[in-house]
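Colleague: Let me give you the structure first, and then I'll get to my questions.
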Amino acid sequence: MNNPIIEVTNLKKYFPLGGGFFSQAEMVRAVDDISFTMDPGKTLGLVGESGCGKTTVGRTVIGLYKPTAGKILFEGADVSTASKADKASSRRQMQMIFQDPYASLNPRMTVGDIVGEPLDIHHLAKGKKERRERIQYLLDLVGLNPDHVNRYPHEFSGGQRQRVGIARALAVEPKFIVCDEPISAVDVSIQAQIVNTLEQLQDELHLTFLFIAHDLSMVKYISHRVAVMYLGKIVEINLSSELYAHPVHPYTKALLSAVPIADPTLERKRKRILLEGDVPSPINPPPGCCFHTRCNRAIGVCKEVIPEMQDLGNGHLVACHNYH
Amino acid sequence: MAISPELFKPLDKNRVQADEARPSITYWQDAWRRLKKNPLAITSLIFIALLTLTAIVGPFLSPYSYSDQDFDNIHLRPCREHPFGTDNLGRDILVRTMYGARISLAVGFVAAITTCVIGVLFGGISGLAGGKIDNLMMRFVDIMYSIPFLLWVIMLIVILDPEGSKGVNLSSIFIALGIVYWLPMARIVRAQILSLKEQEFILAATTIGAKKRKILLQHLIPNVMGSIIVTATISIPEAIFTESFLSFIGLGVSAPMASWGMLASDALTTLRSYPHVLVFPAVAICITLLAFNFIGDGLRDALDPKMRK
Amino acid sequence: MNTLLNVRDLEVEFRTYAGVVRAVRQVSFDLNAGEVLAIVGESGCGKSVTAQSIMRLIPSPPGKITGGSILFNGEEILAKTETQMQKIRGNDISVIFQDSMTSLNPVLNVRTQITEILRLHKKMNQSQADARAIELLSMVGIPEPQTRLKSYPHELSGGMRQRVLIAMSLACDPKLLIADEPTTALDVTIQAQIIEVLKNIRQELNTAIILITHDLGVVAGLADRVMVMYAGNLVEQGTVDEVLCDPLHPYTWGLLRSLPRLNMGPEDKLKPIWGQPPDLLLELDRCPFLPRCEHAMAICAQDRPPAFNGKASHTVNCWLQHPMAPPTSRPQEVG
């Protein structure tokens, strides 16, 4: 078994909300005490509803946000306390693919310059010729026409722009890539193209992905393991095939039963677990288990004690008092 | 319609997909295409170009200089030797108006340049830094705004020219304009940068390790360029008008230099008997201001991203 | 069953300065009273424009309905004056949009927004309107409707706002409800709640619904019939079982093969449709799907495919259905 490439322990990220010179700001607990590990060359899916903190996890791991507490180890070295030079090198190893293909590319730069920028910053290409060849190689790698280096982002469709974003992330030869909802803003037929490209790149370049999404069926397809988040906490982690076949946490069950399936016969037979009400605010999360306000299996202890992560074997972790 | 079985032969699987993309066109080409469709803006642009040319070359072609006095020919009506007539000291109004154009245009362009340089950098740094620095920088702008413009000019005259012998020279007007004209630009640039820096492409630049300076100059400012150009263009007629106004009330350039505002002011004393002395500089001011405003409007329409398709 | 809506050869154009975009091209369909019809397709395929045409909500300029007819209850919608249309909108046909935040007026509370419609269209007095508003809110599953009436839009969650919008659209017992991506902006668990609400409505009120969505899963759970649109064209229509379980158009095959299925093994791969949808500025005197189609034939490049009947209720615009075409069976992953 390989050593994990990423080890996150007790990570917290709170954002101050409002507050001026004199008033004490309230805290939004976007990520509240989560731990997970990632194996090299594999994909960890991170699912949850909007506002559950999954994007914050991705951005904190990659160093865009400074963690409030907790440790992030990248290949055994603590990223959050590293020196400036170490940080720069670890930043090169960790890249990100963004959600909105229209907002993630600078509209005033050509595709060649967008993909070439990381090469310039890290001096990865000597001379104009090598730079150009490298850019064309990257565009070809993600399935774009290498002759399009001088085009501008607005001349491309959403799916093609997303590929430009992938090429930019690959330019610095990273080992680990956070994919922050890379398919939620593109059409169905294009989603499959992007996901297939990501899988192919993973095989060729031995990349590790943290795949953040709210589309559970796509996450199941691309991930080896899946973590389910709710209100800043991870409630269940399991191998993806296992998680979908035998969900344990009541939230995971509800989430899976809500996913629509494109098969009318199956849809008619299905029994949905409908959750009541809305997600509580992360400013004042409920005491005890964060899910107890909507849980159909809540017992007395859920209202008072925060459930610990239980190891049910084979890397299956769940935070629920029913499995204590 | 007769359908032959030939038509149902499968096409080659590896057929080349026709590239049906629209022709490549950059943001600036697109804006220029739109600007060209605005006749008012284009006419104004040509007018300003001709005016600039006249202001530079015109005085050399005239047999008179702006300060030549000719007491035999005072208050001439427009005639062959003096197409715009002469003033109360017999000076040729045509050459003085052309000379006034030099000063007015110089004032306008200098205002636009200071606006761009100081305003964009100040607003850009303030917006990018955010937090306390942003707060501090913007309060400074507020304080600058709260001091009346006329007070700045009078203070500068006192500082730069303590004897008060030569009246006001051109450089103090430039400095006075420079001090206040960048303020609106700084606010506009800061506001745009604040919203732009939350965009994902800025995050992307951070993740690939770009430095703040690079992010500001390469990613943020090019995306604010549209507003910068529009704001700078609008500031030109404002500055020209301000200079004319200052000259008119005697705080502008000193005699025998001529600016449009001063020509108008000189003409006032003899307005009843010789109205033509006022007409030429006044018309020049009006048309120029109008032309710059038309260009500004045209640019706004051409560069506005919301109009983009 | 009686036909509520009858659309024939609808053509909609948008004049942009880059050229004329033909957003909807010769689209024809029927809708029976009480039926749920889903229009599916990718962004820019013309599904929203088709629905907006029925309400005559196409912004003009730049948009224009350039041809065809829309009969609602046997009356020609396209011949109505703007005043007549205002009576139909909200009364006989109502619409809910994707973005519940911008569809509600932020400075008015829920009560004012609902009762306003009732007083305008149904000439109710305030107390009648209040009673009806409470009834409507409980129908869409809003707990404590009495207190919720006083809420302002920003005090409600996304799911609650969408319910309020549905309640508003049902205020005048419309015969037709157009739901334009009603669940796209919502999370899966909230989406499931809204789908339940829509299901209840059609059972209790027998309102016909046109559901516009790109999510085939939502379609499978809610719709009776499905239309698939591509690049402004209708490519396939039929009952939900016909289109999703036994599709005939290569584009529908492609869509279904792009979706991960729950019974996929670890070695199974998605089969995406390569390429991009065509630019709608183009005239396209051919099958619009031709450049991306695996089964393209010479005739596809020469003429637009007419509608072929599979079964009585199942029509496909594809030359593969022509009797002279080589037999092609749908890929095994589909259905």
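Ligands are numbered from 1 in the order shown, residues from 1 within each chain, and chains are lettered A, B, ... in the order they appear in the structure tokens.
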Using only C-alpha atoms, I'd like every residue of chain C that has an atom within 8 Å of chain B; please write them out as a CSV table (one decimal) with N, CA and C atoms, in the first residue's frame.

Modeller:
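Writing done, so here's result-v8.csv:
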chain,number,residue,atom,x,y,z
C,16,THR,N,-29.5,39.3,-34.2
C,16,THR,CA,-28.4,39.9,-33.5
C,16,THR,C,-27.5,40.6,-34.5
C,17,TYR,N,-26.5,41.3,-34.0
C,17,TYR,CA,-25.7,42.1,-35.0
C,17,TYR,C,-24.7,41.2,-35.7
C,18,ALA,N,-24.6,39.9,-35.2
C,18,ALA,CA,-23.7,39.0,-35.9
C,18,ALA,C,-24.5,38.3,-37.0
C,278,PRO,N,-24.2,22.8,-33.6
C,278,PRO,CA,-23.9,23.8,-34.6
C,278,PRO,C,-24.2,25.2,-34.2
C,279,ASP,N,-23.6,26.1,-34.9
C,279,ASP,CA,-23.9,27.5,-34.7
C,279,ASP,C,-25.3,27.8,-35.3
C,291,PRO,N,-22.9,16.3,-38.3
C,291,PRO,CA,-21.5,16.2,-38.1
C,291,PRO,C,-21.1,15.4,-36.9
C,294,GLU,N,-22.9,9.1,-35.8
C,294,GLU,CA,-22.1,7.9,-36.2
C,294,GLU,C,-22.7,7.2,-37.4
C,295,HIS,N,-24.0,7.4,-37.6
C,295,HIS,CA,-24.7,6.7,-38.6
C,295,HIS,C,-25.1,7.5,-39.8
C,296,ALA,N,-24.3,8.7,-40.0
C,296,ALA,CA,-24.7,9.6,-41.0
C,296,ALA,C,-24.6,9.0,-42.4
C,297,MET,N,-25.6,9.4,-43.3
C,297,MET,CA,-25.6,8.8,-44.6
C,297,MET,C,-25.6,10.0,-45.6
C,298,ALA,N,-25.4,9.7,-46.9
C,298,ALA,CA,-25.3,10.8,-47.8
C,298,ALA,C,-26.5,11.7,-47.8
C,299,ILE,N,-27.7,11.1,-47.6
C,299,ILE,CA,-28.9,11.9,-47.7
C,299,ILE,C,-29.0,12.9,-46.6
C,324,MET,N,-35.7,2.8,-46.9
C,324,MET,CA,-34.6,2.4,-47.7
C,324,MET,C,-33.3,2.4,-46.9
C,325,ALA,N,-33.3,2.9,-45.7
C,325,ALA,CA,-32.1,3.1,-44.9
C,325,ALA,C,-31.6,1.7,-44.5
C,326,PRO,N,-30.3,1.6,-44.3
C,326,PRO,CA,-29.8,0.3,-43.7
C,326,PRO,C,-30.4,0.1,-42.3

Colleague: Got a sec to pull out which chain A residues are within 6 Å of chain B, counting only C-alpha atoms, and send them as a list in words?

Modeller: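 Result, ordered by chain then number: Ala103, Ser104, Leu105, Asn106 and Pro118 of chain A.
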
Colleague: Counting only C-alpha atoms, collect the residues of chain C whose closest atom lies at most 9 Å from chain A, and write them out as a count of residues only.

Modeller: 48

Colleague: One decimal, Å: what's the distance from atom CA of C:Ala33 over to atom CA of C:Ala231, could you say?

Modeller: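 Separation of atom CA of C:Ala33 and atom CA of C:Ala231: 27.9 Å.
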
Colleague: State, in Å with one decimal place, the distance from atom CA of B:Thr52 to atom CA of B:Ser104.

Modeller: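 Atom CA of B:Thr52 sits 10.2 Å away from atom CA of B:Ser104.
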
Colleague: Using the chain letters and numbers from this document, which residues of stretch 30-216 of chain A does DSSP assign to strand (DSSP E or B), as a PDB file with C-alpha atoms, in the first residue's frame?

Modeller:
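To be explicit, this is the file written out as out_8.pdb:
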ATOM      1  CA  ALA A  30     -17.612  26.439   6.447  1.00  0.00           C
ATOM      2  CA  VAL A  31     -15.412  23.442   7.267  1.00  0.00           C
ATOM      3  CA  ASP A  32     -15.630  22.107  10.788  1.00  0.00           C
ATOM      4  CA  ASP A  33     -13.161  19.460  11.873  1.00  0.00           C
ATOM      5  CA  ILE A  34     -12.772  17.072   8.970  1.00  0.00           C
ATOM      6  CA  SER A  35     -10.117  14.435   8.314  1.00  0.00           C
ATOM      7  CA  PHE A  36      -9.437  12.297   5.267  1.00  0.00           C
ATOM      8  CA  THR A  37      -6.573  10.778   3.315  1.00  0.00           C
ATOM      9  CA  MET A  38      -6.033  10.350  -0.405  1.00  0.00           C
ATOM     10  CA  THR A  43      -9.877   9.906  -7.146  1.00  0.00           C
ATOM     11  CA  LEU A  44     -11.698  10.922  -4.010  1.00  0.00           C
ATOM     12  CA  GLY A  45     -15.189  12.245  -4.708  1.00  0.00           C
ATOM     13  CA  LEU A  46     -16.530  14.929  -2.389  1.00  0.00           C
ATOM     14  CA  VAL A  47     -20.302  15.336  -2.541  1.00  0.00           C
ATOM     15  CA  ALA A  69      -6.953  24.884  12.497  1.00  0.00           C
ATOM     16  CA  GLY A  70      -5.760  21.437  11.519  1.00  0.00           C
ATOM     17  CA  LYS A  71      -3.044  19.951   9.386  1.00  0.00           C
ATOM     18  CA  ILE A  72      -2.701  19.354   5.663  1.00  0.00           C
ATOM     19  CA  LEU A  73       0.134  17.009   4.744  1.00  0.00           C
ATOM     20  CA  PHE A  74       1.204  16.766   1.119  1.00  0.00           C
ATOM     21  CA  ALA A  77       5.136  17.528   4.580  1.00  0.00           C
ATOM     22  CA  ASP A  78       2.877  20.029   6.308  1.00  0.00           C
ATOM     23  CA  MET A  94      -1.212  20.991  -6.560  1.00  0.00           C
ATOM     24  CA  GLN A  95      -3.495  22.522  -9.151  1.00  0.00           C
ATOM     25  CA  MET A  96      -7.165  23.261  -9.566  1.00  0.00           C
ATOM     26  CA  ILE A  97      -9.811  23.002 -12.266  1.00  0.00           C
ATOM     27  CA  PHE A 176      -2.643  16.440  -7.378  1.00  0.00           C
ATOM     28  CA  ILE A 177      -5.590  18.310  -8.908  1.00  0.00           C
ATOM     29  CA  VAL A 178      -8.688  19.634  -7.200  1.00  0.00           C
ATOM     30  CA  CYS A 179     -11.586  19.457  -9.663  1.00  0.00           C
ATOM     31  CA  ASP A 180     -14.136  21.931  -8.286  1.00  0.00           C
ATOM     32  CA  THR A 208      -4.620  12.215  -7.994  1.00  0.00           C
ATOM     33  CA  PHE A 209      -7.985  13.970  -8.122  1.00  0.00           C
ATOM     34  CA  LEU A 210     -10.176  15.497  -5.461  1.00  0.00           C
ATOM     35  CA  PHE A 211     -13.404  15.567  -7.438  1.00  0.00           C
ATOM     36  CA  ILE A 212     -15.946  17.963  -5.934  1.00  0.00           C
ATOM     37  CA  ALA A 213     -19.481  17.751  -7.310  1.00  0.00           C
TER      38      ALA A 213
END

Colleague: Need to verify the contact set: B:Cys286, 10 Å, only C-alpha atoms, exclusion of same-chain residues closer than 4 positions in sequence. Can you return it as a list in words?

Modeller: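 Residues meeting the cut-off are Pro237, Phe241, Pro281, Ala282, Leu290 and Ala291 of chain B.
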
Colleague: Please measure the separation of atom CA of C:Ala179 and atom CA of C:Gly46, giving the value in Å to one decimal.

Modeller: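 We find that atom CA of C:Ala179 and atom CA of C:Gly46 lie 14.8 Å from each other.
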
Colleague: Could you list, as a compact mmCIF listing (two decimals) with C-alpha atoms, in the first residue's frame, every residue within 9 Å of stretch 81-97 of chain B, counting only C-alpha atoms and ignoring same-chain residues fewer than 2 positions away?

Modeller:
# COMPACT_ATOMS: atom_id res chain seq x y z
CA ALA B 55 -3.62 73.42 -33.50
CA GLY B 58 -1.95 76.16 -38.08
CA PRO B 59 0.00 78.89 -36.23
CA SER B 62 -0.31 82.06 -40.53
CA TYR B 64 0.73 86.61 -37.89
CA SER B 65 1.77 85.43 -34.45
CA TYR B 66 -0.58 85.23 -31.50
CA SER B 67 1.04 88.23 -29.81
CA ASP B 68 1.52 90.55 -32.84
CA GLN B 69 -0.31 93.78 -32.20
CA ASP B 70 -1.42 95.98 -35.07
CA PHE B 71 -3.02 99.19 -33.85
CA ASP B 72 -3.99 100.25 -37.37
CA ASN B 73 -6.32 97.30 -37.67
CA ILE B 74 -8.21 96.93 -34.41
CA HIS B 75 -11.67 95.38 -34.24
CA LEU B 76 -11.66 94.36 -37.89
CA ARG B 77 -14.62 92.32 -39.03
CA PRO B 78 -13.79 89.04 -40.77
CA CYS B 79 -12.05 89.87 -44.03
CA TYR B 99 -3.23 78.84 -30.50
CA GLY B 100 -6.00 78.53 -27.91
CA ALA B 101 -6.80 75.08 -29.31
CA ARG B 102 -3.23 74.07 -28.48
CA MET B 257 -0.91 83.64 -24.22
CA ALA B 258 -4.33 82.81 -25.51
CA SER B 259 -6.71 80.13 -24.43
CA TRP B 260 -10.31 79.86 -25.55
CA LEU B 263 -10.40 84.96 -25.68
CA ASP B 266 -11.42 89.52 -23.54
CA ALA B 267 -14.30 89.69 -25.97
CA THR B 270 -16.57 94.89 -26.29
CA TYR B 274 -18.01 93.68 -31.77
CA HIS B 276 -17.78 88.46 -33.66
CA VAL B 277 -14.79 88.52 -31.31
CA PHE B 280 -15.27 82.22 -32.73
CA PRO B 281 -13.75 81.03 -29.44
CA ALA B 284 -14.78 76.38 -30.84

Colleague: As a PyMOL selection string, please: the residues near A:Arg161 (cut-off 12 Å, only C-alpha atoms, same-chain neighbours under 4 positions excluded).

Modeller: (chain A and resi 97-107+110-111+114-115+139+142-144+148+151-157+165-168+182-183+185-186+190+194) or (chain B and resi 201)

Colleague: Can you spit out the residues from that selection as a JSON list (two decimals), in the first residue's frame, using N, CA and C atoms?

Modeller:
[["chain", "number", "residue", "atom", "x", "y", "z"],
["A", 97, "ILE", "N", -8.97, 22.78, -11.09],
["A", 97, "ILE", "CA", -9.81, 23.00, -12.27],
["A", 97, "ILE", "C", -11.10, 23.61, -11.75],
["A", 98, "PHE", "N", -11.56, 24.68, -12.40],
["A", 98, "PHE", "CA", -12.65, 25.46, -11.82],
["A", 98, "PHE", "C", -14.01, 25.11, -12.41],
["A", 99, "GLN", "N", -15.02, 25.64, -11.74],
["A", 99, "GLN", "CA", -16.39, 25.28, -12.09],
["A", 99, "GLN", "C", -16.88, 25.96, -13.36],
["A", 100, "ASP", "N", -16.71, 27.29, -13.40],
["A", 100, "ASP", "CA", -17.36, 28.06, -14.45],
["A", 100, "ASP", "C", -16.41, 28.28, -15.61],
["A", 101, "PRO", "N", -16.63, 27.59, -16.73],
["A", 101, "PRO", "CA", -15.69, 27.73, -17.85],
["A", 101, "PRO", "C", -15.71, 29.13, -18.44],
["A", 102, "TYR", "N", -16.74, 29.92, -18.09],
["A", 102, "TYR", "CA", -16.79, 31.27, -18.65],
["A", 102, "TYR", "C", -16.06, 32.27, -17.78],
["A", 103, "ALA", "N", -15.97, 32.01, -16.48],
["A", 103, "ALA", "CA", -15.32, 32.95, -15.58],
["A", 103, "ALA", "C", -13.88, 32.56, -15.27],
["A", 104, "SER", "N", -13.49, 31.33, -15.62],
["A", 104, "SER", "CA", -12.18, 30.88, -15.16],
["A", 104, "SER", "C", -11.07, 31.15, -16.17],
["A", 105, "LEU", "N", -11.40, 31.71, -17.32],
["A", 105, "LEU", "CA", -10.37, 32.08, -18.29],
["A", 105, "LEU", "C", -10.41, 33.59, -18.50],
["A", 106, "ASN", "N", -9.23, 34.22, -18.48],
["A", 106, "ASN", "CA", -9.16, 35.66, -18.70],
["A", 106, "ASN", "C", -9.58, 35.97, -20.13],
["A", 107, "PRO", "N", -10.68, 36.72, -20.31],
["A", 107, "PRO", "CA", -11.20, 36.93, -21.67],
["A", 107, "PRO", "C", -10.28, 37.74, -22.57],
["A", 110, "THR", "N", -5.08, 35.19, -25.08],
["A", 110, "THR", "CA", -5.29, 34.10, -26.02],
["A", 110, "THR", "C", -5.11, 32.78, -25.26],
["A", 111, "VAL", "N", -5.65, 31.73, -25.84],
["A", 111, "VAL", "CA", -5.55, 30.41, -25.23],
["A", 111, "VAL", "C", -4.09, 30.02, -25.02],
["A", 114, "ILE", "N", -2.85, 31.81, -21.97],
["A", 114, "ILE", "CA", -3.44, 31.28, -20.74],
["A", 114, "ILE", "C", -2.69, 30.01, -20.33],
["A", 115, "VAL", "N", -2.48, 29.13, -21.29],
["A", 115, "VAL", "CA", -1.79, 27.87, -20.97],
["A", 115, "VAL", "C", -0.30, 28.13, -20.74],
["A", 139, "LEU", "N", -2.38, 21.37, -25.32],
["A", 139, "LEU", "CA", -3.70, 21.49, -25.94],
["A", 139, "LEU", "C", -4.09, 20.17, -26.58],
["A", 142, "VAL", "N", -5.32, 17.53, -24.04],
["A", 142, "VAL", "CA", -6.69, 17.63, -23.52],
["A", 142, "VAL", "C", -7.72, 17.59, -24.64],
["A", 143, "GLY", "N", -7.28, 17.30, -25.86],
["A", 143, "GLY", "CA", -8.23, 17.11, -26.95],
["A", 143, "GLY", "C", -8.64, 18.38, -27.65],
["A", 144, "LEU", "N", -7.76, 19.39, -27.63],
["A", 144, "LEU", "CA", -8.07, 20.61, -28.39],
["A", 144, "LEU", "C", -7.16, 20.66, -29.61],
["A", 148, "HIS", "N", -5.10, 26.20, -32.47],
["A", 148, "HIS", "CA", -5.97, 27.27, -31.96],
["A", 148, "HIS", "C", -5.31, 28.12, -30.89],
["A", 151, "ARG", "N", -6.38, 31.82, -30.51],
["A", 151, "ARG", "CA", -7.78, 32.19, -30.36],
["A", 151, "ARG", "C", -8.06, 32.68, -28.95],
["A", 152, "TYR", "N", -9.17, 33.38, -28.81],
["A", 152, "TYR", "CA", -9.58, 33.89, -27.50],
["A", 152, "TYR", "C", -10.66, 33.00, -26.90],
["A", 153, "PRO", "N", -10.79, 32.99, -25.58],
["A", 153, "PRO", "CA", -11.75, 32.08, -24.93],
["A", 153, "PRO", "C", -13.17, 32.18, -25.49],
["A", 154, "HIS", "N", -13.62, 33.42, -25.85],
["A", 154, "HIS", "CA", -15.02, 33.53, -26.28],
["A", 154, "HIS", "C", -15.30, 32.82, -27.59],
["A", 155, "GLU", "N", -14.23, 32.40, -28.29],
["A", 155, "GLU", "CA", -14.46, 31.68, -29.54],
["A", 155, "GLU", "C", -14.68, 30.19, -29.30],
["A", 156, "PHE", "N", -14.61, 29.77, -28.04],
["A", 156, "PHE", "CA", -14.77, 28.35, -27.74],
["A", 156, "PHE", "C", -16.08, 28.09, -27.02],
["A", 157, "SER", "N", -16.55, 26.86, -27.11],
["A", 157, "SER", "CA", -17.76, 26.48, -26.38],
["A", 157, "SER", "C", -17.39, 26.17, -24.94],
["A", 165, "GLY", "N", -8.88, 25.10, -19.39],
["A", 165, "GLY", "CA", -8.60, 25.16, -17.96],
["A", 165, "GLY", "C", -7.82, 23.94, -17.48],
["A", 166, "ILE", "N", -8.15, 22.78, -18.02],
["A", 166, "ILE", "CA", -7.43, 21.55, -17.65],
["A", 166, "ILE", "C", -5.99, 21.64, -18.15],
["A", 167, "ALA", "N", -5.82, 22.13, -19.40],
["A", 167, "ALA", "CA", -4.46, 22.25, -19.95],
["A", 167, "ALA", "C", -3.63, 23.20, -19.10],
["A", 168, "ARG", "N", -4.23, 24.29, -18.63],
["A", 168, "ARG", "CA", -3.50, 25.25, -17.80],
["A", 168, "ARG", "C", -3.04, 24.58, -16.49],
["A", 182, "PRO", "N", -16.21, 20.56, -12.00],
["A", 182, "PRO", "CA", -15.78, 20.90, -13.35],
["A", 182, "PRO", "C", -16.84, 20.64, -14.42],
["A", 183, "ILE", "N", -17.89, 19.91, -14.07],
["A", 183, "ILE", "CA", -18.86, 19.58, -15.12],
["A", 183, "ILE", "C", -20.23, 20.17, -14.86],
["A", 185, "ALA", "N", -21.36, 23.11, -15.01],
["A", 185, "ALA", "CA", -21.82, 24.22, -15.85],
["A", 185, "ALA", "C", -21.84, 23.86, -17.33],
["A", 186, "VAL", "N", -21.60, 22.60, -17.68],
["A", 186, "VAL", "CA", -21.62, 22.25, -19.11],
["A", 186, "VAL", "C", -22.73, 21.23, -19.39],
["A", 190, "ILE", "N", -21.47, 17.05, -23.13],
["A", 190, "ILE", "CA", -20.11, 17.55, -22.95],
["A", 190, "ILE", "C", -19.54, 17.05, -21.63],
["A", 194, "ILE", "N", -15.72, 15.56, -20.88],
["A", 194, "ILE", "CA", -14.76, 16.09, -19.91],
["A", 194, "ILE", "C", -14.34, 14.97, -18.94],
["B", 201, "PHE", "N", -10.93, 33.25, -12.78],
["B", 201, "PHE", "CA", -9.65, 33.29, -13.48],
["B", 201, "PHE", "C", -8.57, 33.97, -12.63]]

Colleague: If you run DSSP on this backbone, which residues of stretch 35-273 of chain C come out as alpha helix (DSSP H), and could you give them as a PyMOL selection string?

Modeller: chain C and resi 47-55+82-88+100-103+110-121+126-139+145-148+158-169+188-205+216-222+240-245+250-258

Colleague: Find the spatial neighbours of A:Val228, counting only C-alpha atoms, within a cut-off of 7 Å - ignore same-chain residues fewer than 2 positions away - and output them as a PyMOL selection string.

Modeller: chain A and resi 46-48+226+230+234-237+252
